[in-house]
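K.L.:
I'm passing along run25.tsv; it holds TSV, C-alpha atoms and all ligand atoms.
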chain	number	residue	atom	x	y	z
Q	1043	MET	CA	72.88	-44.26	-77.22
Q	1044	ALA	CA	74.46	-47.49	-76.04
Q	1045	LYS	CA	71.12	-49.09	-75.22
Q	1046	ALA	CA	69.71	-48.38	-78.65
Q	1047	ILE	CA	72.69	-49.41	-80.68
Q	1048	ARG	CA	74.55	-52.16	-78.82
Q	1049	PRO	CA	72.20	-55.09	-79.43
Q	1050	MET	CA	72.07	-54.27	-83.13
Q	1051	ILE	CA	75.84	-54.11	-83.43
Q	1052	ARG	CA	76.21	-57.40	-81.56
Q	1053	GLN	CA	73.79	-58.95	-84.01
Q	1054	LEU	CA	75.66	-57.46	-86.94
Q	1055	CYS	CA	79.02	-58.64	-85.69
Q	1056	ARG	CA	77.72	-62.17	-85.25
Q	1057	ASN	CA	76.56	-62.16	-88.81
Q	1058	GLY	CA	79.61	-62.34	-91.05
Q	1059	THR	CA	77.50	-61.80	-94.16
Q	1060	THR	CA	76.22	-58.42	-93.05
Q	1061	VAL	CA	76.10	-55.97	-95.91
Q	1062	SER	CA	77.25	-52.40	-95.56
Q	1063	MET	CA	73.83	-51.03	-96.56
Q	1064	ARG	CA	72.30	-52.79	-93.60
Q	1065	ILE	CA	74.99	-51.63	-91.20
Q	1066	ARG	CA	74.74	-48.01	-92.17
Q	1067	GLY	CA	70.95	-48.15	-92.30
Q	1068	LEU	CA	70.81	-49.50	-88.76
Q	1069	LEU	CA	73.41	-47.07	-87.44
Q	1070	ASN	CA	71.62	-44.19	-89.02
Q	1071	ALA	CA	68.21	-45.34	-87.80
Q	1072	ALA	CA	69.65	-45.62	-84.29
Q	1073	SER	CA	71.05	-42.09	-84.58
Q	1074	VAL	CA	67.49	-40.74	-84.82
Q	1075	ARG	CA	66.98	-41.82	-81.22
Q	1076	ILE	CA	70.32	-40.51	-79.96
Q	1077	ALA	CA	70.60	-37.02	-78.50
Q	1078	PRO	CA	72.61	-34.99	-81.04
Q	1079	SER	CA	76.21	-34.16	-80.15
Q	1080	SER	CA	75.57	-30.71	-81.59
Q	1081	MET	CA	73.24	-28.77	-83.88
Q	1082	VAL	CA	74.75	-27.10	-86.92
Q	1083	ASN	CA	72.54	-24.70	-88.89
Q	1084	GLY	CA	69.50	-26.42	-87.43
Q	1085	ILE	CA	70.72	-29.91	-88.45
Q	1086	PRO	CA	71.31	-32.47	-85.65
Q	1087	VAL	CA	74.79	-33.98	-85.74
Q	1088	VAL	CA	75.65	-37.23	-83.96
Q	1089	VAL	CA	79.33	-38.10	-83.52
Q	1090	LEU	CA	79.88	-41.85	-83.02
Q	1091	ASP	CA	83.64	-42.02	-83.46
Q	1092	SER	CA	86.13	-40.23	-81.21
Q	1093	VAL	CA	88.89	-39.96	-83.84
Q	1094	VAL	CA	87.40	-36.52	-84.39
Q	1095	SER	CA	86.13	-34.22	-81.62
Q	1096	VAL	CA	82.61	-32.83	-81.50
Q	1097	SER	CA	83.94	-29.27	-81.58
Q	1098	GLU	CA	86.07	-30.02	-84.64
Q	1099	VAL	CA	83.09	-31.59	-86.44
Q	1100	THR	CA	80.85	-28.65	-85.50
Q	1101	GLN	CA	83.42	-26.12	-86.68
Q	1102	LYS	CA	84.05	-27.88	-90.00
Q	1103	LEU	CA	80.37	-28.29	-90.80
Q	1104	ALA	CA	79.54	-24.72	-89.74
Q	1105	THR	CA	82.29	-23.31	-91.98
Q	1106	ALA	CA	81.09	-25.44	-94.91
Q	1107	PHE	CA	77.49	-24.26	-94.43
Q	1108	GLU	CA	78.61	-20.62	-94.13
Q	1109	THR	CA	80.56	-20.93	-97.38
Q	1110	LEU	CA	77.62	-22.48	-99.22
Q	1111	ALA	CA	75.17	-19.92	-97.83
Q	1112	ALA	CA	77.45	-17.10	-99.00
Q	1113	PHE	CA	78.40	-18.38	-102.47
Q	1114	ASP	CA	76.02	-21.14	-103.55
Q	1115	GLN	CA	72.61	-20.38	-102.12
Q	1116	ARG	CA	70.76	-22.80	-104.40
Q	1117	ARG	CA	72.68	-25.87	-103.23
Q	1118	TYR	CA	72.69	-24.60	-99.65
Q	1119	ARG	CA	68.87	-24.57	-99.80
Q	1120	ILE	CA	68.91	-28.12	-101.23
Q	1121	ILE	CA	71.03	-29.27	-98.27
Q	1122	ARG	CA	68.72	-27.54	-95.78
Q	1123	ALA	CA	65.67	-29.09	-97.46
Q	1124	HIS	CA	66.93	-32.68	-97.73
Q	1125	VAL	CA	69.52	-33.32	-94.98
Q	1126	LYS	CA	67.65	-34.12	-91.76
Q	1127	ARG	CA	70.62	-35.32	-89.70
Q	1128	VAL	CA	74.34	-36.01	-89.97
Q	1129	LEU	CA	75.97	-39.07	-88.43
Q	1130	VAL	CA	79.77	-39.03	-88.11
Q	1131	TRP	CA	80.56	-42.74	-88.17
Q	1132	PRO	CA	83.57	-45.10	-88.09
Q	1133	GLY	CA	83.13	-46.17	-91.74
Q	1134	HIS	CA	85.77	-45.32	-94.34
Q	1135	TYR	CA	83.39	-43.66	-96.79
Q	1136	ASP	CA	80.58	-41.11	-96.84
Q	1137	ALA	CA	77.01	-42.12	-97.64
Q	1138	SER	CA	73.35	-41.23	-97.34
Q	1139	ASP	CA	70.40	-43.39	-96.33
Q	1140	GLY	CA	67.71	-42.06	-98.65
Q	1141	LEU	CA	65.66	-40.91	-95.65
Q	1142	GLY	CA	67.41	-37.65	-94.86
Q	1143	GLY	CA	70.45	-39.08	-93.09
Q	1144	VAL	CA	74.02	-38.35	-94.19
Q	1145	LEU	CA	76.87	-40.49	-92.86
Q	1146	LEU	CA	80.27	-38.83	-92.83
Q	1147	SER	CA	83.41	-40.86	-92.24
Q	1148	ALA	CA	84.97	-39.59	-88.99
Q	1149	GLU	CA	88.55	-39.91	-90.18
Q	1150	ARG	CA	87.82	-38.39	-93.56
Q	1151	LEU	CA	86.10	-35.45	-91.89
Q	1152	ARG	CA	88.98	-35.03	-89.43
Q	1153	ASP	CA	91.44	-34.75	-92.34
Q	1154	ALA	CA	89.12	-32.83	-94.68
Q	1155	MET	CA	89.88	-29.45	-96.19
Q	1156	LEU	CA	86.95	-27.05	-96.62
Q	1157	ALA	CA	86.50	-28.12	-100.26
Q	1158	ASP	CA	86.20	-31.78	-99.21
Q	1159	THR	CA	83.49	-31.01	-96.66
Q	1160	VAL	CA	81.53	-28.70	-98.96
Q	1161	GLY	CA	81.77	-31.19	-101.83
Q	1162	THR	CA	80.69	-34.15	-99.71
Q	1163	LEU	CA	77.68	-32.32	-98.30
Q	1164	VAL	CA	76.54	-31.31	-101.79
Q	1165	HIS	CA	77.16	-34.84	-103.13
Q	1166	GLU	CA	75.18	-36.58	-100.40
Q	1167	ALA	CA	72.39	-33.99	-100.41
Q	1168	THR	CA	72.01	-34.62	-104.15
Q	1169	HIS	CA	71.58	-38.34	-103.41
Q	1170	LEU	CA	68.87	-37.47	-100.88
Q	1171	ARG	CA	67.14	-35.13	-103.31
Q	1172	ILE	CA	67.11	-37.83	-106.00
Q	1173	ALA	CA	65.75	-40.36	-103.47
Q	1174	ASN	CA	63.05	-37.87	-102.48
Q	1175	PHE	CA	61.98	-37.75	-106.12
Q	1176	GLY	CA	61.26	-41.47	-105.72
Q	1177	VAL	CA	64.25	-42.67	-107.77
Q	1178	SER	CA	65.81	-45.73	-106.12
Q	1179	TYR	CA	69.55	-46.49	-106.16
Q	1180	ARG	CA	69.29	-49.60	-108.33
Q	1181	SER	CA	72.35	-51.11	-109.97
Q	1182	ASN	CA	71.29	-50.08	-113.47
Q	1183	ARG	CA	70.93	-46.43	-112.35
Q	1184	ARG	CA	73.97	-46.17	-110.09
Q	1185	GLU	CA	76.39	-44.80	-112.64
Q	1186	ARG	CA	73.98	-42.07	-113.79
Q	1187	ILE	CA	73.13	-41.09	-110.23
Q	1188	GLU	CA	76.77	-41.00	-109.09
Q	1189	ARG	CA	77.80	-38.94	-112.10
Q	1190	LEU	CA	75.03	-36.46	-111.36
Q	1191	CYS	CA	76.10	-36.18	-107.71
Q	1192	VAL	CA	79.77	-35.72	-108.71
Q	1193	ASP	CA	78.79	-33.03	-111.23
Q	1194	GLU	CA	76.82	-31.13	-108.58
Q	1195	GLN	CA	79.72	-31.52	-106.14
Q	1196	VAL	CA	82.27	-30.08	-108.58
Q	1197	LEU	CA	79.99	-27.28	-109.82
Q	1198	SER	CA	79.44	-26.20	-106.23
Q	1199	LEU	CA	83.19	-26.09	-105.54
Q	1200	ILE	CA	83.64	-23.88	-108.61
Q	1201	GLN	CA	80.68	-21.70	-107.59
Q	1202	CYS	CA	82.15	-21.28	-104.09
Q	1203	GLY	CA	85.56	-20.37	-105.53
Q	1204	LEU	CA	87.19	-23.37	-103.84
Q	1205	VAL	CA	88.58	-24.74	-107.12
Q	1206	ASP	CA	89.06	-23.19	-110.56
Q	1207	LEU	CA	87.63	-24.62	-113.79
Q	1208	ALA	CA	90.76	-26.61	-114.67
Q	1209	VAL	CA	91.01	-28.22	-111.23
Q	1210	GLY	CA	87.26	-28.83	-111.33
Q	1211	ASP	CA	87.62	-30.73	-114.60
Q	1212	ARG	CA	90.41	-32.89	-113.21
Q	1213	LEU	CA	88.44	-33.52	-110.03
Q	1214	ARG	CA	85.34	-34.52	-111.98
Q	1215	GLU	CA	87.41	-36.92	-114.04
Q	1216	SER	CA	88.98	-38.54	-110.97
Q	1217	LEU	CA	85.65	-38.78	-109.13
Q	1218	HIS	CA	83.97	-40.45	-112.06
Q	1219	LYS	CA	85.93	-43.64	-111.38
Q	1220	SER	CA	83.52	-46.50	-110.79
Q	1221	TRP	CA	83.24	-47.01	-107.03
Q	1222	TRP	CA	79.66	-48.16	-107.47
Q	1223	THR	CA	80.53	-51.46	-109.18
Q	1224	ALA	CA	79.82	-54.78	-107.45
Q	1225	GLU	CA	83.59	-55.37	-107.00
Q	1226	ALA	CA	84.14	-51.96	-105.39
Q	1227	GLN	CA	81.18	-52.49	-103.08
Q	1228	ALA	CA	82.47	-55.93	-102.05
Q	1229	ASP	CA	85.80	-54.28	-101.13
Q	1230	ASP	CA	83.89	-51.66	-99.13
Q	1231	ARG	CA	81.99	-54.35	-97.22
Q	1232	ALA	CA	85.19	-56.20	-96.36
Q	1233	GLU	CA	86.85	-53.00	-95.13
Q	1234	LEU	CA	83.75	-52.05	-93.16
Q	1235	ARG	CA	83.63	-55.42	-91.40
Q	1236	ARG	CA	87.30	-55.07	-90.51
Q	1237	ARG	CA	86.68	-51.60	-89.06
Q	1238	LEU	CA	83.60	-52.61	-87.13
Q	1239	ALA	CA	85.49	-55.49	-85.58
Q	1240	ALA	CA	88.46	-53.25	-84.68
Q	1241	ILE	CA	86.47	-50.26	-83.44
Q	1242	LEU	CA	83.15	-51.47	-82.13
Q	1243	LEU	CA	83.88	-54.84	-80.53
Q	1244	PRO	CA	86.36	-53.46	-77.94
Q	1245	TRP	CA	83.92	-50.61	-77.33
Q	1246	ILE	CA	81.10	-53.09	-76.64
Q	1247	SER	CA	83.20	-55.39	-74.47
Q	1248	LYS	CA	84.14	-52.50	-72.15
Q	1249	ARG	CA	80.46	-52.00	-71.34
W	1301	ZN	ZN	77.50	-40.90	-104.36
Take the structure from the file and write it as structure tokens.
P.N.:
Amino acid sequence: MAKAIRPMIRQLCRNGTTVSMRIRGLLNAASVRIAPSSMVNGIPVVVLDSVVSVSEVTQKLATAFETLAAFDQRRYRIIRAHVKRVLVWPGHYDASDGLGGVLLSAERLRDAMLADTVGTLVHEATHLRIANFGVSYRSNRRERIERLCVDEQVLSLIQCGLVDLAVGDRLRESLHKSWWTAEAQADDRAELRRRLAAILLPWISKR
């Protein structure tokens, strides 16, 4: 893993203008070449951040998949069809790369309840499904795409019995806040650079 990823991270850390899309794209591309930490329901999982253990990640994902398979078969099949790998990374948010990769924030996953994990998997798989239809994540489509992903996320939680209709409505409302705006993304980039510097630079310098 180190050989594949270290030169890219060094390059990224030298470049103060690095954008988060590029960072997560490179990390995720590198994860294709890394031996998976575990396989969950046939999906390779790579854990890049030790704030959460491999066994904890495996257990949480397995429980989420079991729940979906039991109560929401349609969305479970969508996840199985579109998610090709999961990367548990040091970022502070969850994302997908449009090529079958889902990035889950290590600390968010560590603290996640079952509903959080199920909802995130459905949300990111919906992004991948939309990307596989050839629809790109352009700024003028972001709001529509995010709302669609949030709707699928909440409907799945209701379908799985993890929230009731009233909680689902409140959740949908709170998740429809605009994190996809340019300002929100600039904040994300700043936070990501701070985290990469704090987490990855000491890790590199030890090797
Ligand atoms: Zn989204």
K.L.:
Show me, as a tab-separated table, the residues of chain Q having an atom within 9 Å of ligand ZN 1301 (chain W), each with the closest atom pair and its distance in Å, using only C-alpha atoms and all ligand atoms.
P.N.:
residue	atom	partner	partner_atom	distance
Q:Asp1136	CA	W:ZN1301	ZN	8.1
Q:Ala1137	CA	W:ZN1301	ZN	6.8
Q:Ser1138	CA	W:ZN1301	ZN	8.2
Q:Thr1162	CA	W:ZN1301	ZN	8.8
Q:His1165	CA	W:ZN1301	ZN	6.2
Q:Glu1166	CA	W:ZN1301	ZN	6.3
Q:Thr1168	CA	W:ZN1301	ZN	8.3
Q:His1169	CA	W:ZN1301	ZN	6.5
Q:Arg1184	CA	W:ZN1301	ZN	8.5
Q:Ile1187	CA	W:ZN1301	ZN	7.3
Q:Glu1188	CA	W:ZN1301	ZN	4.8
Q:Arg1189	CA	W:ZN1301	ZN	8.0
Q:Leu1190	CA	W:ZN1301	ZN	8.6
Q:Cys1191	CA	W:ZN1301	ZN	6.0
Q:Val1192	CA	W:ZN1301	ZN	7.1
Q:Trp1221	CA	W:ZN1301	ZN	8.8
Q:Trp1222	CA	W:ZN1301	ZN	8.2
K.L.:
Write out as an MDAnalysis selection string which residues come within 7 Å of Ala1106 in chain Q when counting only C-alpha atoms, dropping same-chain ones fewer than 6 positions away.
P.N.:
chainID Q and resid 1156 1159:1160
K.L.:
Quick check, in Å to one decimal: how far apart do CA of Arg1127 in chain Q and CA of Arg1214 in chain Q lie?
P.N.:
26.7 Å
K.L.:
Provide the CA of Met1155 in chain Q to CA of Leu1110 in chain Q distance in Å, to one decimal place.
P.N.:
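CA of Met1155 in chain Q sits 14.4 Å away from CA of Leu1110 in chain Q.
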K.L.:
Range 1111-1117 of chain Q: which residues within 9 Å, counting all atoms listed in the file, same-chain residues fewer than 2 positions away excluded, as an NGL selection string?
P.N.:
:Q and (1106-1109 or 1119-1122 or 1164 or 1167-1168 or 1194 or 1198-1199 or 1201-1203)
K.L.:
CA of Leu1163 in chain Q and CA of Val1130 in chain Q are how many Å apart?
P.N.:
12.4 Å
K.L.:
Counting only C-alpha atoms, which residue out of Q:Pro1132, Q:Gly1210, Q:Gly1176, Q:Gly1140 sits closest to Ala1157 in chain Q?
P.N.:
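Among the listed residues, Q:Gly1210 lies closest to Ala1157 in chain Q.
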K.L.:
From the list Q:Leu1151, Q:Leu1207, Q:Tyr1135, Q:Lys1219, which residue is nearest Thr1100 in chain Q when using only C-alpha atoms?
P.N.:
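Looking only at the distances to Thr1100 in chain Q, the closest residue turns out to be Q:Leu1151.
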K.L.:
Which residues of range 1137-1230 of chain Q come within 12 Å of range 1080-1086 of chain Q, and what is each one's closest atom pair and distance in Å (one decimal), counting all atoms listed in the file, sorted by chain and residue number, as JSON lines?
P.N.:
{"residue": "Q:Gly1142", "atom": "CA", "partner": "Q:Ile1085", "partner_atom": "CA", "distance": 10.6}
{"residue": "Q:Gly1143", "atom": "CA", "partner": "Q:Pro1086", "partner_atom": "CA", "distance": 10.0}
{"residue": "Q:Val1144", "atom": "CA", "partner": "Q:Pro1086", "partner_atom": "CA", "distance": 10.7}
K.L.:
So which residues touch Val1088 in chain Q within 10 Å, counting only C-alpha atoms, skipping near sequence neighbours fewer than 4 positions away, as a list of chain:residue names?
P.N.:
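These residues fall inside the cut-off: Q:Asn1070, Q:Ser1073, Q:Val1074, Q:Ile1076, Q:Ala1077, Q:Pro1078, Q:Ser1079, Q:Ser1080, Q:Met1081, Q:Val1096, Q:Val1099, Q:Arg1127, Q:Val1128, Q:Leu1129, Q:Val1130, Q:Trp1131, Q:Leu1145.
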K.L.:
Dump C-alpha atoms for the selected residues as a PDB file, in the coordinates of the input?
P.N.:
ATOM      1  CA  ASN Q1070      71.620 -44.190 -89.020  1.00  0.00           C
ATOM      2  CA  SER Q1073      71.050 -42.090 -84.580  1.00  0.00           C
ATOM      3  CA  VAL Q1074      67.490 -40.740 -84.820  1.00  0.00           C
ATOM      4  CA  ILE Q1076      70.320 -40.510 -79.960  1.00  0.00           C
ATOM      5  CA  ALA Q1077      70.600 -37.020 -78.500  1.00  0.00           C
ATOM      6  CA  PRO Q1078      72.610 -34.990 -81.040  1.00  0.00           C
ATOM      7  CA  SER Q1079      76.210 -34.160 -80.150  1.00  0.00           C
ATOM      8  CA  SER Q1080      75.570 -30.710 -81.590  1.00  0.00           C
ATOM      9  CA  MET Q1081      73.240 -28.770 -83.880  1.00  0.00           C
ATOM     10  CA  VAL Q1096      82.610 -32.830 -81.500  1.00  0.00           C
ATOM     11  CA  VAL Q1099      83.090 -31.590 -86.440  1.00  0.00           C
ATOM     12  CA  ARG Q1127      70.620 -35.320 -89.700  1.00  0.00           C
ATOM     13  CA  VAL Q1128      74.340 -36.010 -89.970  1.00  0.00           C
ATOM     14  CA  LEU Q1129      75.970 -39.070 -88.430  1.00  0.00           C
ATOM     15  CA  VAL Q1130      79.770 -39.030 -88.110  1.00  0.00           C
ATOM     16  CA  TRP Q1131      80.560 -42.740 -88.170  1.00  0.00           C
ATOM     17  CA  LEU Q1145      76.870 -40.490 -92.860  1.00  0.00           C
TER      18      LEU Q1145
END
